[in-house]
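Novice: Below you'll find the structure I mean.
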Amino acid sequence: MNIDVALEPSEISQLAIRDLSRTTCVVFDVLRATSSMVTGLVFGAEGIVPVSTIEEALEQKRLQPQALLGGERYGERIEGFDLGNSPFEYRQCQGRRIITTTTNGTVALRACAGAERVLVGAVLNLGAISRVLRKMAPENVLLVCAGTFETLALEDVWAAGRLLSDFEGADWSDSARVAHATSRLWPEPLAALAAARNGRALLAKGRQAEVEWCAQLSVYEVFGEMSQGVVRPVFLA
């Protein structure tokens, strides 16, 4: 198994022109897009449609009028949308489809659309992601760190690095080694998330509970898989 890591958004912008047809991508936007998606799927959301722009979200809503609109810009709910980007909001969507657009996470997912498989990862489901990768044994794995605006996000790199701890016998790229080394600096996920720029911003806004929720390690045996533009839940036995 060859494992590479896209550490920052500048790499994600190149994925659309990269041949990913023999690659399984795992996308991390720990604070908070992929954590919210995983939470929504665990709590019974029917599916999640990630799109890159607000305009695309509104067009999808026109085509799927029963769906909920979710997403954020600058960390806050988009005006007129049903949901923001808090995992707590996504616990209330049982049986519903969610169309969502976020600054980085949904862009990263859409950039991976040409991959053999696209999985949604978070700290919440790291164990499930590890098990499914071992079961699938893909030839190539790309861990995609969504980042923050145009910069690297510590929490995403930490999650990728922690996942790599389960695959020390694989062939790692140099960026994978960087991610793994980063994860070892913070043995506990909450410490890593609280140290990150996004974590500090959420804490300053009084959203400590959201940071703590996203820092729960491997508490859900589920991963989201994106197929034909929709993320659906896959539960492990």
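Residue numbering restarts at 1 in every chain; chains get A, B, ... in the order shown in the structure tokens, and ligands count up from 1 in that same order.
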Please list as a list in words every residue within 6 Å of range 43-49 of chain A, counting only C-alpha atoms and excluding residues in the same chain fewer than 3 positions away.
Specialist: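 Near range 43-49 of chain A, the qualifying residues are Gly40, Arg91, Cys93, Gln94, Gly95, Arg96, Arg97, Ile98, Ile99, Val230, Val231 and Arg232 of chain A.
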Novice: Hey, what's within 12 Å of Arg177 in chain A if we count only C-alpha atoms and toss same-chain stuff fewer than 6 positions away? As number ranges by chain, please?
Specialist: A: 3-7, 157-158, 160-165, 167-168, 170-171, 183-184
Novice: Excluding Gly70 in chain A and any residue of its chain fewer than 4 positions from it, enumerate the residues within 7 Å of it, using only C-alpha atoms, and give them as a PyMOL selection string.
Specialist: chain A and resi 81-85+98-101
Novice: Rounded to one decimal place, report the CA of Leu185 in chain A-CA of Leu154 in chain A distance in Å.
Specialist: 11.1 Å
Novice: Report the residues of range 44-231 of chain A whose backbone DSSP state falls under strand (DSSP E), written as an MDAnalysis selection string.
Specialist: chainID A and resid 47:50 68:73 76:77 97:101 117:121 140:145 171:172 222:227 230:231
Novice: Counting only C-alpha atoms, what is within 10 Å of range 193-204 of chain A, bar same-chain residues fewer than 5 positions away, as a PyMOL selection string?
Specialist: chain A and resi 30-32+75+147-148+152-156+158-159+186+188+209-212+214-215
Novice: Check which residues of range 51-164 of chain A sit at most 7 Å from range 24-27 of chain A using only C-alpha atoms, and return one row each with the closest pair of atoms and their distance in Å to one decimal, ordered by chain and rising number, as a tab-separated table.
Specialist:
residue	atom	partner	partner_atom	distance
A:Ala108	CA	A:Val27	CA	6.9
A:Leu109	CA	A:Val27	CA	6.4
A:Cys112	CA	A:Cys25	CA	6.8
A:Ala115	CA	A:Thr24	CA	6.1
A:Glu116	CA	A:Thr24	CA	5.6
A:Arg117	CA	A:Thr24	CA	4.7
A:Val118	CA	A:Cys25	CA	4.8
A:Leu119	CA	A:Val26	CA	4.7
A:Val120	CA	A:Val27	CA	5.3
A:Gly121	CA	A:Val27	CA	5.6
A:Pro138	CA	A:Thr24	CA	6.7
A:Asn140	CA	A:Thr24	CA	6.3
A:Val141	CA	A:Thr24	CA	4.9
A:Leu142	CA	A:Cys25	CA	4.7
A:Leu143	CA	A:Val26	CA	4.9
A:Val144	CA	A:Val27	CA	4.7
A:Cys145	CA	A:Val27	CA	6.3
A:Ala146	CA	A:Val27	CA	7.0
Novice: Go ahead and write the selection's residues with N, CA and C atoms as a tab-separated table (two decimals), in the first residue's frame.
Specialist:
chain	number	residue	atom	x	y	z
A	108	ALA	N	-12.66	20.08	-0.94
A	108	ALA	CA	-11.74	18.95	-0.97
A	108	ALA	C	-12.44	17.68	-1.43
A	109	LEU	N	-13.63	17.45	-0.96
A	109	LEU	CA	-14.37	16.26	-1.38
A	109	LEU	C	-14.66	16.28	-2.87
A	112	CYS	N	-11.84	15.34	-5.16
A	112	CYS	CA	-11.50	13.91	-5.18
A	112	CYS	C	-12.50	13.08	-5.99
A	115	ALA	N	-11.56	9.89	-7.93
A	115	ALA	CA	-10.85	8.79	-7.27
A	115	ALA	C	-11.63	7.49	-7.37
A	116	GLU	N	-10.91	6.40	-7.18
A	116	GLU	CA	-11.55	5.08	-7.17
A	116	GLU	C	-12.60	5.00	-6.07
A	117	ARG	N	-12.24	5.48	-4.87
A	117	ARG	CA	-13.19	5.60	-3.76
A	117	ARG	C	-12.86	6.87	-3.00
A	118	VAL	N	-13.90	7.47	-2.42
A	118	VAL	CA	-13.72	8.69	-1.63
A	118	VAL	C	-14.41	8.46	-0.28
A	119	LEU	N	-13.64	8.51	0.79
A	119	LEU	CA	-14.14	8.28	2.13
A	119	LEU	C	-14.07	9.56	2.95
A	120	VAL	N	-15.03	9.72	3.85
A	120	VAL	CA	-15.08	10.89	4.73
A	120	VAL	C	-14.51	10.51	6.09
A	121	GLY	N	-13.42	11.17	6.48
A	121	GLY	CA	-12.76	10.83	7.73
A	121	GLY	C	-12.82	11.94	8.74
A	138	PRO	N	-6.27	-1.06	-0.69
A	138	PRO	CA	-6.08	-0.40	-1.98
A	138	PRO	C	-4.60	-0.24	-2.29
A	140	ASN	N	-3.20	2.39	-3.71
A	140	ASN	CA	-2.78	3.76	-3.40
A	140	ASN	C	-3.81	4.42	-2.50
A	141	VAL	N	-3.33	5.12	-1.47
A	141	VAL	CA	-4.19	5.87	-0.56
A	141	VAL	C	-3.68	7.31	-0.51
A	142	LEU	N	-4.60	8.25	-0.61
A	142	LEU	CA	-4.26	9.67	-0.47
A	142	LEU	C	-5.10	10.25	0.65
A	143	LEU	N	-4.44	10.69	1.70
A	143	LEU	CA	-5.11	11.35	2.82
A	143	LEU	C	-5.12	12.85	2.53
A	144	VAL	N	-6.32	13.42	2.43
A	144	VAL	CA	-6.47	14.80	1.98
A	144	VAL	C	-6.84	15.68	3.17
A	145	CYS	N	-5.95	16.61	3.51
A	145	CYS	CA	-6.17	17.54	4.62
A	145	CYS	C	-6.77	18.83	4.04
A	146	ALA	N	-8.02	19.10	4.38
A	146	ALA	CA	-8.76	20.19	3.72
A	146	ALA	C	-8.17	21.56	3.99
Novice: Could you go through range 69-192 of chain A and tell me which residues DSSP, when run on the backbone, assigns to helix (DSSP H, G or I), listing them as a PyMOL selection string?
Specialist: chain A and resi 89-92+105-111+123-136+154-167+174-185+189-192
Novice: Only C-alpha atoms, please: the residues just picked out, written as an mmCIF file, in the first residue's frame.
Specialist:
data_model
loop_
_atom_site.group_PDB
_atom_site.id
_atom_site.type_symbol
_atom_site.label_atom_id
_atom_site.label_comp_id
_atom_site.auth_asym_id
_atom_site.auth_seq_id
_atom_site.Cartn_x
_atom_site.Cartn_y
_atom_site.Cartn_z
ATOM 1 C CA GLU A 89 -26.982 20.622 14.284
ATOM 2 C CA TYR A 90 -26.343 17.511 12.192
ATOM 3 C CA ARG A 91 -27.704 15.294 14.968
ATOM 4 C CA GLN A 92 -31.192 16.578 14.168
ATOM 5 C CA GLY A 105 -14.106 20.566 3.346
ATOM 6 C CA THR A 106 -16.669 20.250 0.583
ATOM 7 C CA VAL A 107 -14.193 21.692 -1.934
ATOM 8 C CA ALA A 108 -11.740 18.948 -0.971
ATOM 9 C CA LEU A 109 -14.375 16.256 -1.376
ATOM 10 C CA ARG A 110 -15.396 17.502 -4.799
ATOM 11 C CA ALA A 111 -11.745 17.655 -5.880
ATOM 12 C CA VAL A 123 -11.218 11.822 14.541
ATOM 13 C CA LEU A 124 -14.647 10.427 15.408
ATOM 14 C CA ASN A 125 -14.272 7.491 13.015
ATOM 15 C CA LEU A 126 -10.508 6.982 12.650
ATOM 16 C CA GLY A 127 -10.770 3.380 13.794
ATOM 17 C CA ALA A 128 -13.461 2.618 11.231
ATOM 18 C CA ILE A 129 -11.412 4.229 8.457
ATOM 19 C CA SER A 130 -8.383 2.194 9.499
ATOM 20 C CA ARG A 131 -10.334 -1.062 9.437
ATOM 21 C CA VAL A 132 -11.945 -0.450 6.070
ATOM 22 C CA LEU A 133 -8.597 0.470 4.502
ATOM 23 C CA ARG A 134 -7.036 -2.723 5.838
ATOM 24 C CA LYS A 135 -9.968 -4.727 4.500
ATOM 25 C CA MET A 136 -9.930 -3.052 1.070
ATOM 26 C CA LEU A 154 -3.080 21.323 12.181
ATOM 27 C CA GLU A 155 -6.110 19.249 13.172
ATOM 28 C CA ASP A 156 -6.410 17.685 9.717
ATOM 29 C CA VAL A 157 -2.719 16.842 9.545
ATOM 30 C CA TRP A 158 -2.911 15.377 13.060
ATOM 31 C CA ALA A 159 -5.823 13.107 12.068
ATOM 32 C CA ALA A 160 -4.007 11.907 8.950
ATOM 33 C CA GLY A 161 -0.870 11.252 10.979
ATOM 34 C CA ARG A 162 -2.745 9.363 13.675
ATOM 35 C CA LEU A 163 -4.332 7.151 11.013
ATOM 36 C CA LEU A 164 -0.876 6.444 9.575
ATOM 37 C CA SER A 165 0.122 4.906 12.909
ATOM 38 C CA ASP A 166 -1.950 1.879 11.892
ATOM 39 C CA PHE A 167 -0.035 1.469 8.625
ATOM 40 C CA ASP A 174 7.623 12.266 2.762
ATOM 41 C CA SER A 175 4.437 14.242 3.423
ATOM 42 C CA ALA A 176 3.001 11.163 5.147
ATOM 43 C CA ARG A 177 6.062 11.086 7.388
ATOM 44 C CA VAL A 178 5.538 14.763 8.200
ATOM 45 C CA ALA A 179 1.901 14.098 9.162
ATOM 46 C CA HIS A 180 2.856 11.140 11.326
ATOM 47 C CA ALA A 181 5.573 13.120 13.099
ATOM 48 C CA THR A 182 3.073 15.923 13.723
ATOM 49 C CA SER A 183 0.576 13.544 15.320
ATOM 50 C CA ARG A 184 3.196 12.320 17.769
ATOM 51 C CA LEU A 185 3.626 15.834 19.179
ATOM 52 C CA PRO A 189 -6.629 14.522 20.101
ATOM 53 C CA LEU A 190 -8.233 17.225 22.240
ATOM 54 C CA ALA A 191 -4.825 18.773 22.915
ATOM 55 C CA ALA A 192 -4.097 18.858 19.182
#
Novice: Do you have the CA of Phe223 in chain A-CA of Phe235 in chain A distance handy?
Specialist: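 Computed distance, CA of Phe223 in chain A to CA of Phe235 in chain A, equals 6.7 Å.
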Novice: Which residue, A:Ile54, A:Leu15, A:Met37, A:Leu63, has the smallest gap to Ile78 in chain A when you use only C-alpha atoms?
Specialist: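 Among the listed residues, the smallest separation from Ile78 in chain A belongs to A:Ile54.
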Novice: Using Å and a single decimal, report how far CA of Ala113 in chain A sits from CA of Gly229 in chain A.
Specialist: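 A separation of 7.5 Å between them.
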